[in-house]
$ cat structure-v6.tsv   # TSV, C-alpha atoms and all ligand atoms
chain	number	residue	atom	x	y	z
A	519	MET	CA	36.31	199.54	41.87
A	520	LEU	CA	32.81	200.41	42.98
A	521	VAL	CA	31.12	197.99	45.40
A	522	TYR	CA	27.69	197.83	47.04
A	523	LEU	CA	27.35	197.70	50.82
A	524	ASN	CA	24.09	198.08	52.75
A	525	GLY	CA	22.24	200.38	50.39
A	526	GLU	CA	25.21	202.37	49.10
A	527	PHE	CA	27.56	202.22	46.14
A	528	VAL	CA	31.03	203.14	47.42
A	529	SER	CA	34.64	202.60	46.40
A	530	ARG	CA	36.12	199.36	47.72
A	531	GLU	CA	38.55	201.37	49.89
A	532	GLN	CA	35.63	203.13	51.57
A	533	ALA	CA	33.54	200.01	52.17
A	534	ALA	CA	33.74	198.84	55.79
A	535	VAL	CA	31.68	196.67	58.13
A	536	PRO	CA	31.59	196.92	61.93
A	537	VAL	CA	33.90	194.52	63.78
A	538	GLU	CA	30.81	193.02	65.40
A	539	ASP	CA	29.46	191.83	62.05
A	540	ARG	CA	28.52	188.18	62.53
A	541	GLY	CA	30.07	187.35	59.16
A	542	PHE	CA	33.42	188.43	60.64
A	543	LEU	CA	32.89	186.85	64.09
A	544	PHE	CA	31.15	183.57	63.18
A	545	GLY	CA	31.05	183.19	59.38
A	546	ASP	CA	27.31	183.59	59.99
A	547	GLY	CA	26.00	184.13	56.47
A	548	VAL	CA	25.81	182.88	52.92
A	549	TYR	CA	27.36	183.89	49.61
A	550	GLU	CA	27.02	183.36	45.87
A	551	VAL	CA	29.18	183.89	42.82
A	552	ILE	CA	27.42	184.65	39.54
A	553	ARG	CA	29.06	184.70	36.12
A	554	ALA	CA	28.38	187.41	33.54
A	555	VAL	CA	29.30	187.27	29.86
A	556	ASN	CA	29.08	190.50	27.86
A	557	GLY	CA	26.92	192.08	30.53
A	558	ARG	CA	24.47	189.15	30.68
A	559	PHE	CA	24.19	187.03	33.80
A	560	PHE	CA	24.38	183.28	33.36
A	561	THR	CA	21.90	181.21	35.45
A	562	ALA	CA	21.38	184.16	37.81
A	563	HIS	CA	17.99	182.92	39.00
A	564	GLU	CA	19.39	179.50	39.92
A	565	HIS	CA	22.07	181.21	42.02
A	566	LEU	CA	19.57	183.54	43.68
A	567	ALA	CA	17.15	180.69	44.35
A	568	ARG	CA	19.97	178.75	46.04
A	569	MET	CA	20.83	181.83	48.08
A	570	GLU	CA	17.20	182.23	49.19
A	571	GLU	CA	17.05	178.56	50.19
A	572	GLY	CA	20.30	178.98	52.11
A	573	LEU	CA	19.02	182.09	53.87
A	574	ALA	CA	15.78	180.34	54.84
A	575	ALA	CA	17.71	177.30	56.12
A	576	ILE	CA	19.73	179.45	58.54
A	577	GLY	CA	16.82	181.65	59.62
A	578	MET	CA	17.91	184.72	57.67
A	579	ARG	CA	16.52	186.99	54.97
A	580	LEU	CA	17.68	189.73	52.65
A	581	PRO	CA	17.76	193.17	54.31
A	582	GLY	CA	15.04	195.80	54.06
A	583	GLY	CA	12.59	194.05	51.76
A	584	MET	CA	15.27	193.57	49.09
A	585	THR	CA	14.02	191.31	46.29
A	586	ARG	CA	15.75	189.04	43.78
A	587	GLN	CA	15.13	191.70	41.14
A	588	GLY	CA	16.64	194.34	43.40
A	589	VAL	CA	19.78	192.25	43.82
A	590	LEU	CA	20.07	191.81	40.06
A	591	GLU	CA	19.70	195.55	39.51
A	592	ILE	CA	22.56	196.21	41.94
A	593	ALA	CA	24.66	193.58	40.16
A	594	GLU	CA	23.89	195.15	36.76
A	595	ARG	CA	24.89	198.58	37.99
A	596	LEU	CA	28.17	197.17	39.34
A	597	LEU	CA	28.96	195.67	35.94
A	598	ARG	CA	28.13	198.95	34.16
A	599	GLU	CA	29.92	201.31	36.52
A	600	ASN	CA	33.01	199.11	36.69
A	601	SER	CA	33.16	198.81	32.86
A	602	LEU	CA	32.60	195.05	32.98
A	603	THR	CA	29.87	194.73	30.36
A	604	GLU	CA	32.24	193.29	27.76
A	605	GLY	CA	33.87	189.90	28.15
A	606	HIS	CA	33.69	187.81	31.29
A	607	ALA	CA	33.04	189.02	34.82
A	608	THR	CA	31.86	187.71	38.17
A	609	ILE	CA	29.56	189.10	40.81
A	610	TYR	CA	30.28	188.14	44.42
A	611	LEU	CA	27.30	188.48	46.75
A	612	GLN	CA	27.33	187.98	50.51
A	613	VAL	CA	24.65	188.29	53.18
A	614	THR	CA	25.46	188.08	56.89
A	615	ARG	CA	23.18	188.13	59.93
A	616	GLY	CA	24.39	191.68	60.63
A	617	ALA	CA	26.32	193.38	63.42
A	618	ALA	CA	25.41	192.85	67.07
A	619	PRO	CA	27.18	192.23	70.42
A	620	ARG	CA	28.76	188.78	70.25
A	621	THR	CA	26.49	185.97	71.38
A	622	HIS	CA	26.26	182.56	69.72
A	623	PHE	CA	22.47	182.77	69.53
A	624	PHE	CA	20.83	185.10	67.02
A	625	PRO	CA	20.61	188.81	67.97
A	626	SER	CA	17.34	189.51	69.76
A	627	PRO	CA	15.67	191.64	68.57
A	628	PRO	CA	17.04	190.86	65.08
A	629	VAL	CA	19.35	193.39	63.43
A	630	GLU	CA	19.45	194.38	59.77
A	631	PRO	CA	21.45	191.82	57.72
A	632	THR	CA	24.59	193.02	55.92
A	633	LEU	CA	24.41	192.85	52.12
A	634	TYR	CA	27.62	193.17	50.12
A	635	LEU	CA	28.12	192.83	46.36
A	636	THR	CA	31.21	193.30	44.29
A	637	ALA	CA	32.12	192.73	40.63
A	638	ALA	CA	35.42	191.57	39.16
A	639	PRO	CA	36.82	190.89	35.70
A	640	PHE	CA	37.28	187.22	34.82
A	641	THR	CA	39.48	185.57	32.21
A	642	VAL	CA	38.91	182.04	30.95
A	643	PRO	CA	42.33	180.36	31.38
A	644	GLU	CA	42.25	178.78	27.92
A	645	GLU	CA	45.71	177.19	28.09
A	646	VAL	CA	44.97	175.60	31.44
A	647	VAL	CA	41.64	174.30	30.12
A	648	ALA	CA	43.39	172.84	27.05
A	649	ARG	CA	46.06	171.11	29.20
A	650	GLY	CA	43.95	170.00	32.15
A	651	VAL	CA	44.98	170.22	35.80
A	652	SER	CA	46.15	168.00	38.61
A	653	ALA	CA	44.27	167.34	41.84
A	654	ILE	CA	44.88	165.67	45.17
A	655	THR	CA	42.44	163.74	47.31
A	656	ALA	CA	41.74	164.99	50.82
A	657	PRO	CA	39.58	163.69	53.67
A	658	ASP	CA	36.18	165.39	53.66
A	659	VAL	CA	36.22	166.70	57.22
A	660	ARG	CA	33.39	169.19	56.64
A	661	TRP	CA	30.11	169.29	58.51
A	662	SER	CA	26.97	167.55	57.25
A	663	ARG	CA	25.26	170.61	55.75
A	664	CYS	CA	27.53	171.11	52.73
A	665	ASN	CA	24.42	171.86	50.65
A	666	LEU	CA	24.42	175.34	52.24
A	667	LYS	CA	26.78	177.85	50.63
A	668	THR	CA	27.82	179.39	53.92
A	669	LEU	CA	30.79	181.61	54.66
A	670	ASN	CA	32.31	178.85	56.84
A	671	LEU	CA	34.87	177.60	54.36
A	672	LEU	CA	37.78	176.69	56.62
A	673	ALA	CA	37.86	173.00	55.65
A	674	ASN	CA	37.72	174.01	51.97
A	675	VAL	CA	40.45	176.62	52.49
A	676	LEU	CA	42.76	174.10	54.20
A	677	ALA	CA	42.17	171.44	51.53
A	678	LYS	CA	42.80	173.93	48.70
A	679	GLN	CA	45.98	175.14	50.41
A	680	SER	CA	47.15	171.56	50.71
A	681	ALA	CA	46.52	171.12	46.96
A	682	VAL	CA	48.44	174.28	46.11
A	683	GLU	CA	51.37	173.23	48.34
A	684	GLN	CA	51.52	169.97	46.37
A	685	GLY	CA	51.48	171.81	43.04
A	686	ALA	CA	47.86	170.84	42.31
A	687	THR	CA	44.82	172.93	41.40
A	688	GLU	CA	42.02	171.24	43.33
A	689	ALA	CA	41.47	169.04	46.35
A	690	ILE	CA	38.89	166.30	45.80
A	691	PHE	CA	37.11	165.47	49.03
A	692	VAL	CA	36.66	161.82	50.02
A	693	ARG	CA	34.07	160.83	52.65
A	694	ASP	CA	33.54	157.19	53.68
A	695	GLY	CA	35.63	156.02	50.72
A	696	VAL	CA	33.71	157.95	48.04
A	697	ILE	CA	34.36	161.18	46.17
A	698	THR	CA	31.93	163.89	47.25
A	699	GLU	CA	33.08	167.10	45.51
A	700	GLY	CA	36.04	169.44	45.17
A	701	ALA	CA	37.04	172.21	47.60
A	702	SER	CA	35.29	174.71	45.28
A	703	THR	CA	33.91	172.51	42.48
A	704	ASN	CA	31.72	169.50	41.74
A	705	VAL	CA	33.48	166.38	40.48
A	706	PHE	CA	32.50	164.09	37.59
A	707	VAL	CA	34.23	160.81	36.78
A	708	VAL	CA	33.91	158.81	33.55
A	709	VAL	CA	34.06	155.07	34.24
A	710	ASP	CA	33.15	152.43	31.62
A	711	GLY	CA	32.02	155.18	29.23
A	712	LYS	CA	29.48	156.56	31.74
A	713	ILE	CA	29.72	159.82	33.66
A	714	ARG	CA	29.16	159.48	37.39
A	715	THR	CA	28.80	162.18	40.01
A	716	PHE	CA	27.81	162.24	43.68
A	717	PRO	CA	24.03	162.72	44.04
A	718	VAL	CA	22.61	165.95	45.41
A	719	CYS	CA	22.20	165.66	49.19
A	720	ASN	CA	23.49	167.37	52.32
A	721	TYR	CA	27.09	166.24	51.64
A	722	ILE	CA	27.67	168.42	48.56
A	723	LEU	CA	26.77	171.81	47.22
A	724	SER	CA	24.20	171.45	44.46
A	725	GLY	CA	26.35	173.32	41.94
A	726	VAL	CA	24.53	175.44	39.40
A	727	THR	CA	27.13	174.52	36.78
A	728	ARG	CA	26.74	170.86	37.79
A	729	GLY	CA	23.02	171.14	36.95
A	730	VAL	CA	23.71	172.74	33.58
A	731	VAL	CA	26.35	170.12	32.72
A	732	ILE	CA	23.94	167.29	33.59
A	733	GLU	CA	21.40	168.85	31.20
A	734	LEU	CA	24.05	169.25	28.50
A	735	ALA	CA	25.16	165.61	28.85
A	736	ALA	CA	21.53	164.55	28.28
A	737	GLU	CA	21.29	166.80	25.22
A	738	LEU	CA	24.52	165.35	23.83
A	739	GLY	CA	23.36	161.80	24.53
A	740	ILE	CA	26.21	161.10	26.97
A	741	PRO	CA	25.16	158.61	29.68
A	742	LEU	CA	25.31	160.07	33.19
A	743	ILE	CA	24.26	158.70	36.53
A	744	GLU	CA	24.23	160.38	39.92
A	745	ARG	CA	25.99	157.61	41.80
A	746	PRO	CA	29.05	157.95	44.06
A	747	VAL	CA	32.49	156.98	42.79
A	748	ARG	CA	34.72	155.01	45.14
A	749	VAL	CA	38.22	156.40	45.55
A	750	GLU	CA	39.77	153.14	44.21
A	751	GLU	CA	37.87	153.66	40.94
A	752	ILE	CA	39.99	156.74	40.18
A	753	SER	CA	42.78	154.47	38.90
A	754	ARG	CA	40.55	153.15	36.12
A	755	ALA	CA	38.76	156.44	35.36
A	756	GLU	CA	38.78	157.34	31.67
A	757	GLU	CA	38.21	161.01	32.47
A	758	ILE	CA	37.68	163.19	35.51
A	759	PHE	CA	36.44	166.77	35.35
A	760	LEU	CA	35.42	169.59	37.65
A	761	THR	CA	32.60	172.08	37.26
A	762	GLY	CA	31.94	175.46	38.84
A	763	THR	CA	30.92	179.03	38.12
A	764	THR	CA	34.55	180.15	37.74
A	765	THR	CA	35.82	176.71	36.68
A	766	ASP	CA	33.42	175.89	33.82
A	767	VAL	CA	34.34	172.33	32.78
A	768	LEU	CA	37.95	171.61	33.71
A	769	ALA	CA	39.61	168.28	33.05
A	770	VAL	CA	41.68	166.65	35.81
A	771	VAL	CA	44.54	164.77	34.17
A	772	GLU	CA	46.37	163.67	37.31
A	773	VAL	CA	45.19	162.70	40.81
A	774	ASP	CA	47.67	162.18	43.66
A	775	GLY	CA	50.49	162.06	41.10
A	776	LEU	CA	48.86	159.32	38.98
A	777	GLN	CA	47.80	159.96	35.39
A	778	VAL	CA	44.08	159.94	34.59
A	779	GLY	CA	43.15	158.35	31.23
A	780	THR	CA	45.48	159.51	28.48
A	781	GLY	CA	46.84	162.36	30.62
A	782	ARG	CA	45.04	164.87	28.41
A	783	PRO	CA	41.49	166.29	28.55
A	784	GLY	CA	39.20	163.60	27.13
A	785	ALA	CA	36.46	163.72	24.51
A	786	ILE	CA	33.60	163.94	27.03
A	787	SER	CA	34.94	166.85	29.09
A	788	THR	CA	35.95	168.68	25.90
A	789	ALA	CA	32.47	168.23	24.40
A	790	LEU	CA	30.76	169.36	27.61
A	791	GLY	CA	33.13	172.33	27.98
A	792	GLY	CA	32.31	173.44	24.44
A	793	ALA	CA	28.57	173.00	25.01
A	794	LEU	CA	28.75	174.99	28.26
A	795	ALA	CA	30.67	177.82	26.57
A	796	GLU	CA	28.04	177.93	23.85
A	797	ARG	CA	25.21	177.94	26.37
A	798	MET	CA	26.93	180.81	28.16
A	799	GLY	CA	27.05	182.74	24.92
A	800	GLN	CA	30.77	182.61	24.58
A	801	VAL	CA	32.68	181.20	21.62
A	802	PRO	CA	34.21	177.89	22.72
A	803	ALA	CA	37.99	178.15	23.01
A	804	SER	CA	38.44	175.25	20.54
A	805	ALA	CA	36.35	177.04	17.86
A	806	ALA	CA	38.14	180.35	18.36
A	807	ARG	CA	41.51	178.94	17.25
A	901	LIG	C1	32.15	173.24	47.57
A	901	LIG	C2	31.67	173.68	46.21
A	901	LIG	N1	31.14	172.76	45.39
A	901	LIG	C3	30.71	173.08	44.16
A	901	LIG	C4	30.81	174.38	43.68
A	901	LIG	C5	30.32	174.71	42.30
A	901	LIG	O1	29.08	175.37	42.36
A	901	LIG	P1	28.58	176.35	41.21
A	901	LIG	O2	28.61	175.57	39.94
A	901	LIG	O3	27.21	176.73	41.62
A	901	LIG	O4	29.54	177.50	41.18
A	901	LIG	C6	31.34	175.38	44.51
A	901	LIG	C7	31.42	176.75	44.04
A	901	LIG	O5	31.89	177.64	44.71
A	901	LIG	C8	31.78	175.02	45.81
A	901	LIG	O6	32.30	175.94	46.65
$ encode --input "structure-v6.tsv" --output "structure tokens" --more "lines below"
Ligand SMILES: Cc1ncc(COP(=O)(O)O)c(C=O)c1O
Amino acid sequence: MLVYLNGEFVSREQAAVPVEDRGFLFGDGVYEVIRAVNGRFFTAHEHLARMEEGLAAIGMRLPGGMTRQGVLEIAERLLRENSLTEGHATIYLQVTRGAAPRTHFFPSPPVEPTLYLTAAPFTVPEEVVARGVSAITAPDVRWSRCNLKTLNLLANVLAKQSAVEQGATEAIFVRDGVITEGASTNVFVVVDGKIRTFPVCNYILSGVTRGVVIELAAELGIPLIERPVRVEEISRAEEIFLTGTTTDVLAVVEVDGLQVGTGRPGAISTALGGALAERMGQVPASAAR
């Protein structure tokens, strides 16, 4: 597998960063994951815009005058050279503040940021999508800048591990009695025939897929409001679903061991999943059968 690191395309085995890299020492950086279908990126500019906003918010920039277009060209070359231009793939992109002697404050003078990109094959787990998944709830113990896609993912990692240990796929964070988002997804809940999701603010990541799904719901005439869902409302939810770049639209059919709705993916999540697949340029799993 060929990867990109600081201006060079090298094999993954050869790619190495100094131990003083602030990504390693502090999680001081941001990342993105972009989906590609048949060699075409899906919503790449939304991901890169979010990355630029994240970089600006933490006083960082891309290295050496690198532009959005430059990043996309690297990503395209990674797809081509790793034979990932057919079917699904993902690009992982990470920028850290660079390598410098360890101090909490920023290196002064600034050092060149570290830029790392890698590509990987991706398979849509069609059987899982058709069955739906289970989730647990977990206290949202994260900081109050969850809108930034930073490398500091320890709370997410611990919540996801807790889910896996309980045989579940996702941990749904609960802050002050309301659902915020999943450990690596946004969460939508259908109550009284209306989709509800936590509004964009500093307590969630403004998911790119979330944005697309909100647009698709409007196109399909499905009512949706950005209003928090209280944890007690889960018991009367008709449907719950997750969204994300590597999650698409994924129905949650059980939360904390209790069945959601009919216990099967509902009509709304199935319709939105199909519409998202179509938008992505992929044949929806239901139509392929
Ligand atoms: C905490 C969190 N929320 C939501 C998402 C979904 O965002 P997107 O649709 O942009 O992948 C992610 C994706 O990694 C995430 O980590």
$ residues_around --input "structure-v6.tsv" --residues "Phe716 of chain A" --least-positions-apart "5" --cutoff "10 Å" --atoms "only C-alpha atoms" --output "VMD selection string"
chain A and resid 696 to 699 704 to 707 721 to 722 724 743 to 747
$ write_last_selection --input "structure-v6.tsv" --atoms "C-alpha atoms" --output "compact mmCIF listing (two decimals), in the coordinates of the input"
# COMPACT_ATOMS: atom_id res chain seq x y z
CA VAL A 696 33.71 157.95 48.04
CA ILE A 697 34.36 161.18 46.17
CA THR A 698 31.93 163.89 47.25
CA GLU A 699 33.08 167.10 45.51
CA ASN A 704 31.72 169.50 41.74
CA VAL A 705 33.48 166.38 40.48
CA PHE A 706 32.50 164.09 37.59
CA VAL A 707 34.23 160.81 36.78
CA TYR A 721 27.09 166.24 51.64
CA ILE A 722 27.67 168.42 48.56
CA SER A 724 24.20 171.45 44.46
CA ILE A 743 24.26 158.70 36.53
CA GLU A 744 24.23 160.38 39.92
CA ARG A 745 25.99 157.61 41.80
CA PRO A 746 29.05 157.95 44.06
CA VAL A 747 32.49 156.98 42.79
$ residues_near_ligand --input "structure-v6.tsv" --ligand "ligand LIG 901 (chain A)" --cutoff "8 Å" --atoms "all atoms listed in the file" --output "PyMOL selection string"
chain A and resi 550-552+565+664+667+674+699-704+722-729+761-766
$ write_last_selection --input "structure-v6.tsv" --atoms "C-alpha atoms" --output "CSV table (one decimal), in the frame of the given file"
chain,number,residue,atom,x,y,z
A,550,GLU,CA,27.0,183.4,45.9
A,551,VAL,CA,29.2,183.9,42.8
A,552,ILE,CA,27.4,184.6,39.5
A,565,HIS,CA,22.1,181.2,42.0
A,664,CYS,CA,27.5,171.1,52.7
A,667,LYS,CA,26.8,177.8,50.6
A,674,ASN,CA,37.7,174.0,52.0
A,699,GLU,CA,33.1,167.1,45.5
A,700,GLY,CA,36.0,169.4,45.2
A,701,ALA,CA,37.0,172.2,47.6
A,702,SER,CA,35.3,174.7,45.3
A,703,THR,CA,33.9,172.5,42.5
A,704,ASN,CA,31.7,169.5,41.7
A,722,ILE,CA,27.7,168.4,48.6
A,723,LEU,CA,26.8,171.8,47.2
A,724,SER,CA,24.2,171.4,44.5
A,725,GLY,CA,26.4,173.3,41.9
A,726,VAL,CA,24.5,175.4,39.4
A,727,THR,CA,27.1,174.5,36.8
A,728,ARG,CA,26.7,170.9,37.8
A,729,GLY,CA,23.0,171.1,37.0
A,761,THR,CA,32.6,172.1,37.3
A,762,GLY,CA,31.9,175.5,38.8
A,763,THR,CA,30.9,179.0,38.1
A,764,THR,CA,34.6,180.2,37.7
A,765,THR,CA,35.8,176.7,36.7
A,766,ASP,CA,33.4,175.9,33.8
$ axis_aligned_box --input "structure-v6.tsv" --around "segment 542-547 of chain A" --padding-each-side "6 Å" --output "AutoDock Vina command-line options"
--center_x 29.7 --center_y 185.8 --center_z 60.3 --size_x 19.4 --size_y 17.2 --size_z 19.6
$ residues_around --input "structure-v6.tsv" --residues "segment 591-602 of chain A" --least-positions-apart "4" --cutoff "8 Å" --atoms "all atoms listed in the file" --output "count of residues only"
15
$ atom_distance --input "structure-v6.tsv" --atom1 "atom CA of Ile654 of chain A" --atom2 "atom CA of Asp774 of chain A"
4.7 Å
$ atom_distance --input "structure-v6.tsv" --atom1 "atom CA of Gln800 of chain A" --atom2 "atom CA of Phe559 of chain A"
12.2 Å
$ atom_distance --input "structure-v6.tsv" --atom1 "atom CA of Ser529 of chain A" --atom2 "atom CA of Tyr634 of chain A"
12.3 Å
$ closest_residue --input "structure-v6.tsv" --among "A:Glu683, A:His563, A:Leu573, A:Ala554" --to "Gly605 of chain A" --atoms "all atoms listed in the file"
A:Ala554
$ closest_residue --input "structure-v6.tsv" --among "A:Leu523, A:Ile740, A:Val613, A:Ala681" --to "Met578 of chain A" --atoms "all atoms listed in the file"
A:Val613
$ closest_residue --input "structure-v6.tsv" --among "A:Glu538, A:Val709, A:Val731, A:Glu564" --to "Val629 of chain A" --atoms "all atoms listed in the file"
A:Glu538
$ closest_residue --input "structure-v6.tsv" --among "A:Ser787, A:Thr641, A:Thr668, A:Asn524" --to "Ile713 of chain A" --atoms "only C-alpha atoms"
A:Ser787
$ closest_residue --input "structure-v6.tsv" --among "A:Leu768, A:Val749, A:Val708, A:Ala673" --to "Gly650 of chain A" --atoms "all atoms listed in the file"
A:Leu768
$ residues_around --input "structure-v6.tsv" --residues "Pro631 of chain A" --least-positions-apart "3" --cutoff "10 Å" --atoms "only C-alpha atoms" --output "list in words"
Asn524, Asp539, Arg540, Gly541, Gly547, Met578, Arg579, Leu580, Pro581, Gly582, Val613, Thr614, Arg615, Gly616, Ala617, Pro628 and Tyr634 of chain A
$ closest_residue --input "structure-v6.tsv" --among "A:Ile786, A:Ala755, A:Leu734, A:Ala769" --to "Asp710 of chain A" --atoms "all atoms listed in the file"
A:Ala755
$ residues_around --input "structure-v6.tsv" --residues "Lys678 of chain A" --least-positions-apart "2" --cutoff "8 Å" --atoms "all atoms listed in the file" --output "list in words"
Asn674, Val675, Leu676, Ser680, Ala681, Val682, Thr687, Glu688, Ala689 and Ala701 of chain A
$ residues_around --input "structure-v6.tsv" --residues "Val778 of chain A" --least-positions-apart "5" --cutoff "9 Å" --atoms "only C-alpha atoms" --output "ChimeraX atom specification"
/A:752-758,770-773
$ write_last_selection --input "structure-v6.tsv" --atoms "C-alpha atoms" --output "PDB file, in the coordinates of the input"
ATOM      1  CA  ILE A 752      39.990 156.740  40.180  1.00  0.00           C
ATOM      2  CA  SER A 753      42.780 154.470  38.900  1.00  0.00           C
ATOM      3  CA  ARG A 754      40.550 153.150  36.120  1.00  0.00           C
ATOM      4  CA  ALA A 755      38.760 156.440  35.360  1.00  0.00           C
ATOM      5  CA  GLU A 756      38.780 157.340  31.670  1.00  0.00           C
ATOM      6  CA  GLU A 757      38.210 161.010  32.470  1.00  0.00           C
ATOM      7  CA  ILE A 758      37.680 163.190  35.510  1.00  0.00           C
ATOM      8  CA  VAL A 770      41.680 166.650  35.810  1.00  0.00           C
ATOM      9  CA  VAL A 771      44.540 164.770  34.170  1.00  0.00           C
ATOM     10  CA  GLU A 772      46.370 163.670  37.310  1.00  0.00           C
ATOM     11  CA  VAL A 773      45.190 162.700  40.810  1.00  0.00           C
TER      12      VAL A 773
END
$ build_atoms --input "structure-v6.tsv" --residues "segment 603-625 of chain A" --atoms "N, CA and C atoms" --output "compact mmCIF listing (two decimals), in the coordinates of the input"
# COMPACT_ATOMS: atom_id res chain seq x y z
N THR A 603 30.96 195.24 31.18
CA THR A 603 29.87 194.73 30.36
C THR A 603 30.37 194.07 29.07
N GLU A 604 31.70 194.06 28.89
CA GLU A 604 32.24 193.29 27.76
C GLU A 604 33.14 192.21 28.31
N GLY A 605 33.05 191.02 27.69
CA GLY A 605 33.87 189.90 28.15
C GLY A 605 33.30 189.28 29.41
N HIS A 606 34.16 188.56 30.13
CA HIS A 606 33.69 187.81 31.29
C HIS A 606 33.87 188.60 32.59
N ALA A 607 32.95 188.38 33.51
CA ALA A 607 33.04 189.02 34.82
C ALA A 607 32.34 188.13 35.84
N THR A 608 32.59 188.42 37.11
CA THR A 608 31.86 187.71 38.17
C THR A 608 31.28 188.73 39.14
N ILE A 609 30.16 188.33 39.72
CA ILE A 609 29.56 189.10 40.81
C ILE A 609 29.70 188.24 42.06
N TYR A 610 30.23 188.82 43.12
CA TYR A 610 30.28 188.14 44.42
C TYR A 610 29.21 188.79 45.30
N LEU A 611 28.43 187.96 45.97
CA LEU A 611 27.30 188.48 46.75
C LEU A 611 27.31 187.79 48.10
N GLN A 612 27.26 188.57 49.16
CA GLN A 612 27.33 187.98 50.51
C GLN A 612 26.29 188.63 51.42
N VAL A 613 25.61 187.79 52.19
CA VAL A 613 24.65 188.29 53.18
C VAL A 613 25.05 187.72 54.53
N THR A 614 25.19 188.59 55.54
CA THR A 614 25.46 188.08 56.89
C THR A 614 24.30 188.48 57.81
N ARG A 615 24.30 187.87 59.01
CA ARG A 615 23.18 188.13 59.93
C ARG A 615 23.27 189.53 60.53
N GLY A 616 24.28 190.29 60.18
CA GLY A 616 24.39 191.68 60.63
C GLY A 616 25.31 191.84 61.83
N ALA A 617 25.39 193.06 62.32
CA ALA A 617 26.32 193.38 63.42
C ALA A 617 25.56 193.51 64.73
N ALA A 618 26.06 192.81 65.75
CA ALA A 618 25.41 192.85 67.07
C ALA A 618 26.42 192.36 68.10
N PRO A 619 26.27 192.74 69.38
CA PRO A 619 27.18 192.23 70.42
C PRO A 619 27.28 190.72 70.32
N ARG A 620 28.49 190.19 70.52
CA ARG A 620 28.76 188.78 70.25
C ARG A 620 28.06 187.83 71.21
N THR A 621 27.10 187.10 70.66
CA THR A 621 26.49 185.97 71.38
C THR A 621 26.33 184.88 70.33
N HIS A 622 26.42 183.62 70.72
CA HIS A 622 26.26 182.56 69.72
C HIS A 622 24.84 182.57 69.15
N PHE A 623 23.86 182.75 70.03
CA PHE A 623 22.47 182.77 69.53
C PHE A 623 22.22 184.03 68.71
N PHE A 624 21.14 183.98 67.91
CA PHE A 624 20.83 185.10 67.02
C PHE A 624 20.57 186.37 67.84
N PRO A 625 20.92 187.55 67.28
CA PRO A 625 20.61 188.81 67.97
C PRO A 625 19.11 188.93 68.23
